[in-house]
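Heads up, target_31.txt below (compact mmCIF, C-alpha atoms):
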# COMPACT_ATOMS: atom_id res chain seq x y z
CA MET A 2 -11.89 65.14 -25.10
CA TYR A 3 -8.39 63.77 -25.65
CA ILE A 4 -6.82 67.00 -24.44
CA LYS A 5 -9.07 66.95 -21.40
CA LYS A 6 -7.88 63.45 -20.49
CA ILE A 7 -4.27 64.57 -20.85
CA LEU A 8 -4.91 67.51 -18.56
CA ILE A 9 -6.62 65.28 -16.00
CA ALA A 10 -3.73 62.80 -16.14
CA ALA A 11 -1.18 65.58 -15.85
CA SER A 12 -3.03 67.00 -12.88
CA ALA A 13 -3.12 63.60 -11.25
CA VAL A 14 0.60 63.13 -11.80
CA GLY A 15 1.20 66.62 -10.46
CA LEU A 16 -0.81 65.87 -7.36
CA VAL A 17 1.14 62.66 -6.86
CA ILE A 18 4.45 64.49 -7.23
CA LEU A 19 3.24 67.27 -4.95
CA GLY A 20 2.15 64.67 -2.43
CA VAL A 21 5.52 62.93 -2.58
CA ILE A 22 7.33 66.25 -2.13
CA SER A 23 5.02 67.28 0.68
CA TYR A 24 5.51 63.95 2.40
CA ALA A 25 9.29 64.25 2.02
CA ILE A 26 9.22 67.76 3.47
CA TYR A 27 6.95 66.66 6.30
CA THR A 28 9.19 63.67 7.03
CA THR A 29 12.31 65.82 6.97
CA ILE A 30 10.82 68.32 9.40
CA PHE A 31 8.56 66.31 11.66
CA SER A 32 9.75 62.68 11.75
CA PRO A 33 11.74 61.55 14.82
CA ASN A 34 15.48 62.00 14.21
CA THR A 35 17.25 60.83 17.36
CA THR A 36 19.27 57.65 17.88
CA PHE A 37 19.80 57.59 21.65
CA GLU A 38 17.81 55.26 23.90
CA ALA A 39 17.90 57.40 27.03
CA GLU A 40 14.99 59.75 27.62
CA LYS A 41 17.25 62.80 27.48
CA GLN A 42 20.69 63.71 26.15
CA SER A 43 22.75 66.78 27.04
CA VAL A 44 24.49 68.78 24.32
CA TYR A 45 27.09 71.46 25.01
CA ILE A 46 27.57 74.06 22.27
CA LEU A 47 30.75 76.13 22.44
CA THR A 48 30.72 79.90 22.07
CA GLY A 49 31.28 80.95 18.45
CA SER A 50 30.38 77.56 16.97
CA SER A 51 29.48 77.33 13.30
CA LEU A 52 26.65 75.17 11.99
CA GLN A 53 29.17 72.58 10.85
CA GLN A 54 30.74 72.47 14.30
CA VAL A 55 27.32 71.93 15.86
CA VAL A 56 26.62 69.17 13.33
CA ASP A 57 29.98 67.54 14.06
CA GLN A 58 29.08 67.47 17.73
CA ILE A 59 25.53 66.15 17.56
CA HIS A 60 25.64 63.86 14.53
CA PRO A 61 26.11 60.72 16.71
CA LEU A 62 22.73 61.55 18.24
CA LEU A 63 20.92 61.88 14.88
CA ILE A 64 19.42 59.32 12.53
CA ASN A 65 19.77 61.57 9.49
CA THR A 66 22.28 64.41 9.68
CA GLU A 67 21.45 65.81 6.22
CA ASP A 68 17.79 66.24 7.14
CA PHE A 69 18.80 68.14 10.26
CA ILE A 70 21.04 70.43 8.21
CA THR A 71 18.23 71.08 5.74
CA VAL A 72 15.78 72.08 8.45
CA ALA A 73 18.40 74.10 10.34
CA GLU A 74 19.26 76.13 7.25
CA LYS A 75 15.61 76.67 6.34
CA LYS A 76 14.96 78.01 9.84
CA GLY A 77 18.06 80.23 9.71
CA TYR A 78 19.70 78.50 12.68
CA GLN A 79 23.16 79.13 11.22
CA ASN A 80 22.61 82.84 11.86
CA SER A 81 21.50 82.47 15.48
CA ILE A 82 23.64 79.73 17.04
CA ARG A 83 23.75 80.06 20.82
CA ALA A 84 26.32 78.59 23.16
CA GLY A 85 25.15 76.67 26.19
CA HIS A 86 23.79 73.44 27.59
CA PHE A 87 20.80 72.04 25.72
CA VAL A 88 18.75 68.95 26.43
CA LEU A 89 17.46 66.83 23.55
CA GLU A 90 14.65 64.37 24.19
CA LYS A 91 14.21 60.91 22.76
CA GLY A 92 12.13 60.94 19.55
CA MET A 93 12.53 64.66 18.85
CA ASN A 94 12.05 65.75 15.25
CA ASN A 95 14.34 68.17 13.45
CA ASN A 96 12.02 71.10 13.99
CA ARG A 97 12.03 70.61 17.76
CA ILE A 98 15.77 69.94 17.82
CA VAL A 99 16.52 73.23 16.06
CA ASN A 100 14.08 75.14 18.28
CA THR A 101 15.69 73.61 21.37
CA LEU A 102 19.24 74.43 20.29
CA ARG A 103 18.22 77.95 19.39
CA SER A 104 16.36 79.01 22.51
CA ARG A 105 16.48 76.58 25.45
CA ASN A 106 19.77 76.99 27.27
CA VAL A 107 19.34 74.90 30.42
CA PRO A 108 21.23 75.91 33.61
CA ILE A 109 23.50 73.36 35.29
CA GLN A 110 24.49 72.76 38.91
CA VAL A 111 28.01 73.98 39.70
CA GLY A 112 29.51 72.96 43.02
CA PHE A 113 32.80 73.26 44.86
CA ASN A 114 34.07 72.45 48.33
CA ASN A 115 36.63 74.15 50.55
CA GLN A 116 39.55 75.42 48.49
CA HIS A 117 42.74 77.04 49.78
CA ARG A 118 43.46 79.29 46.83
CA LEU A 119 41.82 80.92 43.84
CA GLU A 120 44.04 78.81 41.58
CA GLU A 121 42.45 75.66 42.96
CA LEU A 122 38.96 77.10 42.68
CA SER A 123 39.41 78.19 39.06
CA GLY A 124 40.56 74.70 38.13
CA ARG A 125 37.59 73.11 39.88
CA ILE A 126 35.06 75.42 38.19
CA ALA A 127 36.70 74.99 34.77
CA GLU A 128 35.81 71.30 34.97
CA GLN A 129 32.13 72.24 35.08
CA ILE A 130 31.56 75.23 32.78
CA GLU A 131 32.83 76.44 29.41
CA ALA A 132 35.27 79.04 30.77
CA ASP A 133 38.81 77.68 31.23
CA SER A 134 40.84 78.00 34.43
CA ILE A 135 43.01 80.80 33.03
CA SER A 136 40.08 83.07 32.16
CA LEU A 137 38.41 82.29 35.49
CA LEU A 138 41.53 83.07 37.51
CA SER A 139 42.19 86.22 35.48
CA ALA A 140 38.72 87.49 36.31
CA MET A 141 39.13 86.65 40.00
CA VAL A 142 42.44 88.50 40.39
CA ASP A 143 41.66 91.35 38.00
CA SER A 144 43.15 94.47 39.57
CA THR A 145 40.27 96.71 38.49
CA PHE A 146 37.78 94.36 40.14
CA LEU A 147 39.82 94.05 43.35
CA ASP A 148 40.57 97.77 43.55
CA SER A 149 36.90 98.64 43.13
CA LEU A 150 36.17 96.65 46.30
CA GLN A 151 39.41 97.68 48.04
CA ILE A 152 40.47 94.11 48.77
CA THR A 153 43.40 91.84 47.97
CA ALA A 154 43.20 88.58 46.07
CA LEU A 155 43.57 86.62 49.32
CA GLU A 156 40.77 88.62 50.95
CA SER A 157 38.53 87.92 47.95
CA LEU A 158 38.37 84.25 48.97
CA LYS A 159 35.39 85.26 51.07
CA PHE A 160 33.23 85.68 47.98
CA TYR A 161 33.42 82.00 47.09
CA ILE A 162 31.36 80.17 49.68
CA PRO A 163 31.51 76.39 49.06
CA ASN A 164 28.10 75.18 47.97
CA THR A 165 26.14 74.17 44.88
CA TYR A 166 24.94 76.96 42.61
CA GLU A 167 22.94 77.25 39.39
CA PHE A 168 24.83 78.65 36.40
CA TYR A 169 24.56 78.60 32.64
CA TRP A 170 27.25 76.32 31.22
CA ASN A 171 28.54 79.10 28.93
CA THR A 172 29.10 81.51 31.85
CA SER A 173 32.28 83.56 31.38
CA GLY A 174 34.95 84.08 34.02
CA GLU A 175 33.73 87.61 34.76
CA GLU A 176 30.12 86.45 34.97
CA PHE A 177 31.03 83.66 37.36
CA ARG A 178 32.99 86.04 39.60
CA ASP A 179 30.24 88.68 39.63
CA ARG A 180 27.54 86.10 40.35
CA MET A 181 29.54 84.79 43.31
CA VAL A 182 29.84 88.33 44.68
CA ASN A 183 26.06 88.63 44.39
CA TYR A 184 25.57 85.29 46.16
CA TYR A 185 27.92 86.50 48.91
CA THR A 186 25.90 89.69 49.34
CA LYS A 187 22.66 87.71 49.61
CA PHE A 188 24.25 85.25 52.03
CA TRP A 189 25.02 88.08 54.43
CA ASN A 190 21.38 88.85 55.08
CA THR A 191 20.05 90.91 57.97
CA SER A 192 20.01 87.96 60.36
CA ARG A 193 23.63 86.93 59.79
CA THR A 194 24.86 90.52 59.80
CA LYS A 195 23.11 91.16 63.12
CA LYS A 196 24.80 88.10 64.65
CA ALA A 197 28.20 89.24 63.38
CA ASN A 198 27.66 92.69 64.90
CA ALA A 199 26.80 91.07 68.23
CA LEU A 200 30.22 89.40 68.15
CA ASN A 201 31.89 92.72 67.31
CA LEU A 202 33.08 91.16 64.05
CA THR A 203 32.62 92.16 60.43
CA PRO A 204 31.37 89.56 57.94
CA THR A 205 34.91 89.27 56.60
CA GLU A 206 36.27 88.65 60.10
CA VAL A 207 33.60 86.03 60.74
CA MET A 208 34.64 84.21 57.58
CA SER A 209 38.33 84.50 58.47
CA LEU A 210 37.64 82.83 61.81
CA ALA A 211 35.33 80.30 60.16
CA ALA A 212 38.15 79.24 57.85
CA ILE A 213 40.31 78.49 60.90
CA VAL A 214 37.48 76.60 62.61
CA GLN A 215 36.92 74.51 59.51
CA LYS A 216 40.58 73.59 59.32
CA GLU A 217 40.62 72.66 63.01
CA THR A 218 37.81 70.13 62.85
CA ALA A 219 36.05 68.18 60.14
CA LYS A 220 33.24 67.37 62.57
CA VAL A 221 30.44 69.81 61.76
CA GLU A 222 28.78 69.23 65.14
CA GLU A 223 31.99 70.24 66.96
CA ARG A 224 32.57 73.48 65.08
CA PRO A 225 30.38 75.73 67.30
CA LYS A 226 32.39 74.56 70.32
CA VAL A 227 35.74 75.25 68.62
CA ALA A 228 34.45 78.63 67.47
CA GLY A 229 33.53 79.40 71.06
CA VAL A 230 37.14 78.82 72.16
CA TYR A 231 38.51 81.28 69.62
CA LEU A 232 35.86 83.88 70.41
CA ASN A 233 36.77 83.56 74.10
CA ARG A 234 40.42 84.20 73.23
CA LEU A 235 39.54 87.23 71.11
CA ARG A 236 37.44 88.70 73.93
CA ILE A 237 40.26 88.58 76.47
CA GLY A 238 42.97 89.67 74.03
CA MET A 239 44.66 86.28 73.95
CA LYS A 240 46.47 85.19 70.79
CA LEU A 241 44.48 82.70 68.73
CA GLN A 242 47.44 80.30 68.54
CA ALA A 243 45.77 78.35 65.74
CA ASP A 244 47.87 75.64 64.10
CA PRO A 245 46.06 75.95 60.72
CA THR A 246 47.29 79.55 60.41
CA VAL A 247 50.88 78.40 60.98
CA ILE A 248 50.49 75.68 58.36
CA PHE A 249 49.12 78.24 55.91
CA ALA A 250 51.98 80.62 56.72
CA ILE A 251 54.52 77.88 55.92
CA GLN A 252 52.78 76.93 52.70
CA ASN A 253 52.37 80.54 51.65
CA GLN A 254 56.01 81.32 52.35
CA ASN A 255 57.17 78.29 50.35
CA GLN A 256 54.43 78.72 47.73
CA ASP A 257 53.79 75.02 48.16
CA PHE A 258 50.19 74.17 48.97
CA GLU A 259 50.44 70.54 47.88
CA THR A 260 52.71 69.16 50.62
CA GLN A 261 50.70 68.11 53.65
CA ILE A 262 51.86 69.22 57.09
CA LYS A 263 50.44 66.91 59.75
CA ARG A 264 52.42 68.25 62.68
CA VAL A 265 53.33 71.80 63.66
CA LEU A 266 56.77 72.01 65.26
CA TYR A 267 57.92 74.45 67.94
CA LYS A 268 60.28 76.12 65.48
CA ASP A 269 57.29 76.85 63.21
CA LEU A 270 55.73 79.01 65.89
CA ASP A 271 58.45 81.63 65.39
CA LEU A 272 57.81 81.98 61.67
CA ASP A 273 57.68 85.64 60.73
CA SER A 274 54.35 85.91 58.94
CA PRO A 275 51.21 88.02 59.48
CA TYR A 276 49.30 84.73 59.26
CA ASN A 277 51.11 83.22 62.24
CA THR A 278 48.61 83.67 65.08
CA TYR A 279 51.17 82.42 67.60
CA LYS A 280 53.15 85.63 67.03
CA ASN A 281 50.37 88.07 66.13
CA LYS A 282 47.26 88.97 68.07
CA GLY A 283 43.85 88.91 66.47
CA LEU A 284 42.72 87.42 63.21
CA PRO A 285 45.07 86.92 60.25
CA PRO A 286 44.95 89.55 57.47
CA GLY A 287 43.03 87.26 55.12
CA LEU A 288 41.24 83.96 54.85
CA ILE A 289 43.41 80.82 54.95
CA ALA A 290 40.73 78.90 53.03
CA MET A 291 37.14 79.14 51.82
CA PRO A 292 34.88 78.28 54.76
CA ASP A 293 31.63 76.52 54.03
CA VAL A 294 28.22 77.52 55.37
CA SER A 295 28.43 75.19 58.39
CA SER A 296 31.67 76.81 59.55
CA ILE A 297 30.40 80.36 59.05
CA ASP A 298 27.20 79.61 60.93
CA ALA A 299 29.23 77.82 63.62
CA VAL A 300 30.96 81.13 64.36
CA LEU A 301 27.73 83.11 64.23
CA ASN A 302 26.05 80.58 66.53
CA ALA A 303 29.09 79.66 68.59
CA GLU A 304 28.67 77.65 71.75
CA SER A 305 28.86 79.71 74.93
CA HIS A 306 31.35 78.18 77.38
CA ASP A 307 34.52 78.92 79.39
CA TYR A 308 36.98 76.83 77.42
CA LEU A 309 40.19 78.48 76.24
CA TYR A 310 42.11 75.44 74.96
CA PHE A 311 41.60 72.27 72.96
CA VAL A 312 43.73 69.50 71.51
CA ALA A 313 43.03 66.42 69.39
CA ASP A 314 41.40 63.59 71.32
CA THR A 315 43.39 60.39 70.68
CA GLU A 316 40.63 58.30 72.24
CA ASN A 317 37.93 59.72 69.98
CA MET A 318 39.62 60.40 66.67
CA GLY A 319 38.39 63.41 64.77
CA TYR A 320 37.22 65.16 67.92
CA HIS A 321 39.00 67.27 70.55
CA LYS A 322 39.49 67.53 74.28
CA PHE A 323 38.66 70.95 75.70
CA ALA A 324 40.13 72.64 78.74
CA LYS A 325 39.46 75.75 80.81
CA THR A 326 42.91 75.99 82.38
CA TYR A 327 46.41 75.85 80.93
CA ALA A 328 47.40 73.13 83.38
CA GLN A 329 44.55 70.90 82.23
CA HIS A 330 45.39 71.65 78.60
CA ASN A 331 49.03 70.65 79.16
CA ARG A 332 47.92 67.25 80.45
CA ASN A 333 45.74 66.76 77.36
CA ALA A 334 48.51 68.02 75.08
CA ARG A 335 51.06 65.56 76.50
CA LEU A 336 48.74 62.67 75.76
CA TYR A 337 48.41 63.88 72.18
CA GLN A 338 52.15 64.45 71.74
CA ASN A 339 52.92 60.97 73.06
CA TRP A 340 50.41 59.50 70.60
CA VAL A 341 51.87 61.47 67.68
CA ASN A 342 55.35 60.24 68.57
CA GLU A 343 54.11 56.66 68.78
CA GLN A 344 52.62 57.06 65.31
CA LYS A 345 55.96 58.42 64.11
CA ILE A 346 54.37 61.54 62.71
CA TYR A 347 57.24 63.99 62.65
CA ARG A 348 55.95 66.45 60.04

Hey, can you dump this file as structure tokens for me?
Amino acid sequence: MYIKKILIAASAVGLVILGVISYAIYTTIFSPNTTFEAEKQSVYILTGSSLQQVVDQIHPLLINTEDFITVAEKKGYQNSIRAGHFVLEKGMNNNRIVNTLRSRNVPIQVGFNNQHRLEELSGRIAEQIEADSISLLSAMVDSTFLDSLQITALESLKFYIPNTYEFYWNTSGEEFRDRMVNYYTKFWNTSRTKKANALNLTPTEVMSLAAIVQKETAKVEERPKVAGVYLNRLRIGMKLQADPTVIFAIQNQNQDFETQIKRVLYKDLDLDSPYNTYKNKGLPPGLIAMPDVSSIDAVLNAESHDYLYFVADTENMGYHKFAKTYAQHNRNARLYQNWVNEQKIYR
């Protein structure tokens, strides 16, 4: 009888201990373990991170770091750490946190506007994804990549159409470049390609002209009209005589794309450069910038008119005055030149 009581007591104690252990395990795994008040919190895990590095990064978001480590190790997370952008939710327990970090890489929105050079683009993208500007630029100018497409680095600007795209945060430089080429291919669908053919232009030529149009006017609604002027010039074999190409030629020759040039001088028109459309007929050999969708579509849907000339409108800043004859254009140009001189804009 005495032994039976001892056994019953021991069993009771064992059950209590088991219950305490079970509760501790349950609490460690399933109790909320987040400290932030917002509904969601982004976490960015670098490629090649160790468990300790992950812990160092997320511990400010956790109530109990040791409990997280315990659950992570039990679930083998240290052997399957993934890089990427992960979203933790308020009140998550350690089990859900580990599952999220292990398998729910959430894409991010990556955007860029008109850039003049690949160097500028790589820096802009590096601010948004894991890849640094050096690895991005290296992928963009990789000779094997360029040779496979038979293009130069300047010509490859066409692949990077300013917009907002969905990428994984841990996208590499090569992956970013290849995805942009795919986006470019999809952009030039049957409809756009048909319109380019109707203009007797290739997609690359359309984008080269679109880059000029974009540099000529910031007014999206005016771009089809400006595009119409340049298409008229191309049709009759007239030189494009586009100031943005001269500015690019100067910057490219000096390898200085930071200094702004607000006024093109007569001496600039004689600059010996394939990008100088005052000296060379047709389109320049490459894009002078990355045209956005509105500029590309402005060329493809250019306004049909008889204008051959345009100059900045000093009475309606940001817009232009258009002319059909050279005499009319000269009158408009004198008004602009007088205004520029009054503003003391000499360069």

Name the residues in contact with A:Trp340 at a cut-off of 12 Å, using all atoms listed in the file, excluding same-chain residues fewer than 6 positions from it; report them as an MDAnalysis selection string.
chainID A and resid 264 313:316 318 333:334 346:347

From the list A:Lys159, A:Lys280, A:Arg332, A:Arg105, which residue is nearest A:Thr203 when using all atoms listed in the file?
A:Lys159

Applying 10 Å and all atoms listed in the file, which residues near A:Asp269 remain after dropping the ones on its own chain fewer than 6 positions away? List them as a list in words.
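Listing them by chain and then by number gives Asp244, Val247, Ile248, Ala250, Ile251, Asn277 and Tyr279 of chain A.
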
Within 8 Å of stretch 62-77 of chain A, counting all atoms listed in the file, which residues show up once you throw out same-chain ones fewer than 4 positions away? Write them as a PyMOL selection string, please.
chain A and resi 29-30+34-37+56+81+95-96+99

Quick one, how far is atom CA of A:Gln53 from atom CA of A:Ser136?
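Atom-to-atom, atom CA of A:Gln53 and atom CA of A:Ser136 are spaced 26.1 Å apart.
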
Calculate how many Å separate atom CA of A:Ser295 from atom CA of A:Leu241, rounding to one decimal.
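Going from atom CA of A:Ser295 over to atom CA of A:Leu241 covers 20.5 Å.
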
Mind checking which residues fall within 12 Å of stretch 288-290 of chain A, counting all atoms listed in the file, ignoring those fewer than 3 positions away in the same chain, and posting them as a PyMOL selection string?
chain A and resi 114-122+152-163+204-217+243-253+258+275-278+284-285+293+296

Length of the atom CA of A:Arg234 to atom CA of A:Gln254 vector [Å]
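Those two atoms sit 26.2 Å apart.
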
Using only C-alpha atoms, which protein or nucleic acid residues come within 10 Å of A:Ile135? Drop anything in the same chain fewer than 4 positions from it, and give the result as a list in words.
Glu120, Ser123, Gly124, Ala127, Ser139, Ala140, Met141 and Gly174 of chain A

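Here the question is which of A:Thr194, A:Asn183, A:Ser32, A:Gln329 gets nearest to A:Ile297 using all atoms listed in the file, and that residue is A:Thr194.
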
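Taking all atoms listed in the file into account, A:Met239 lies nearest to A:Leu309 out of the set A:Ile262, A:Leu150, A:Leu301, A:Leu309.
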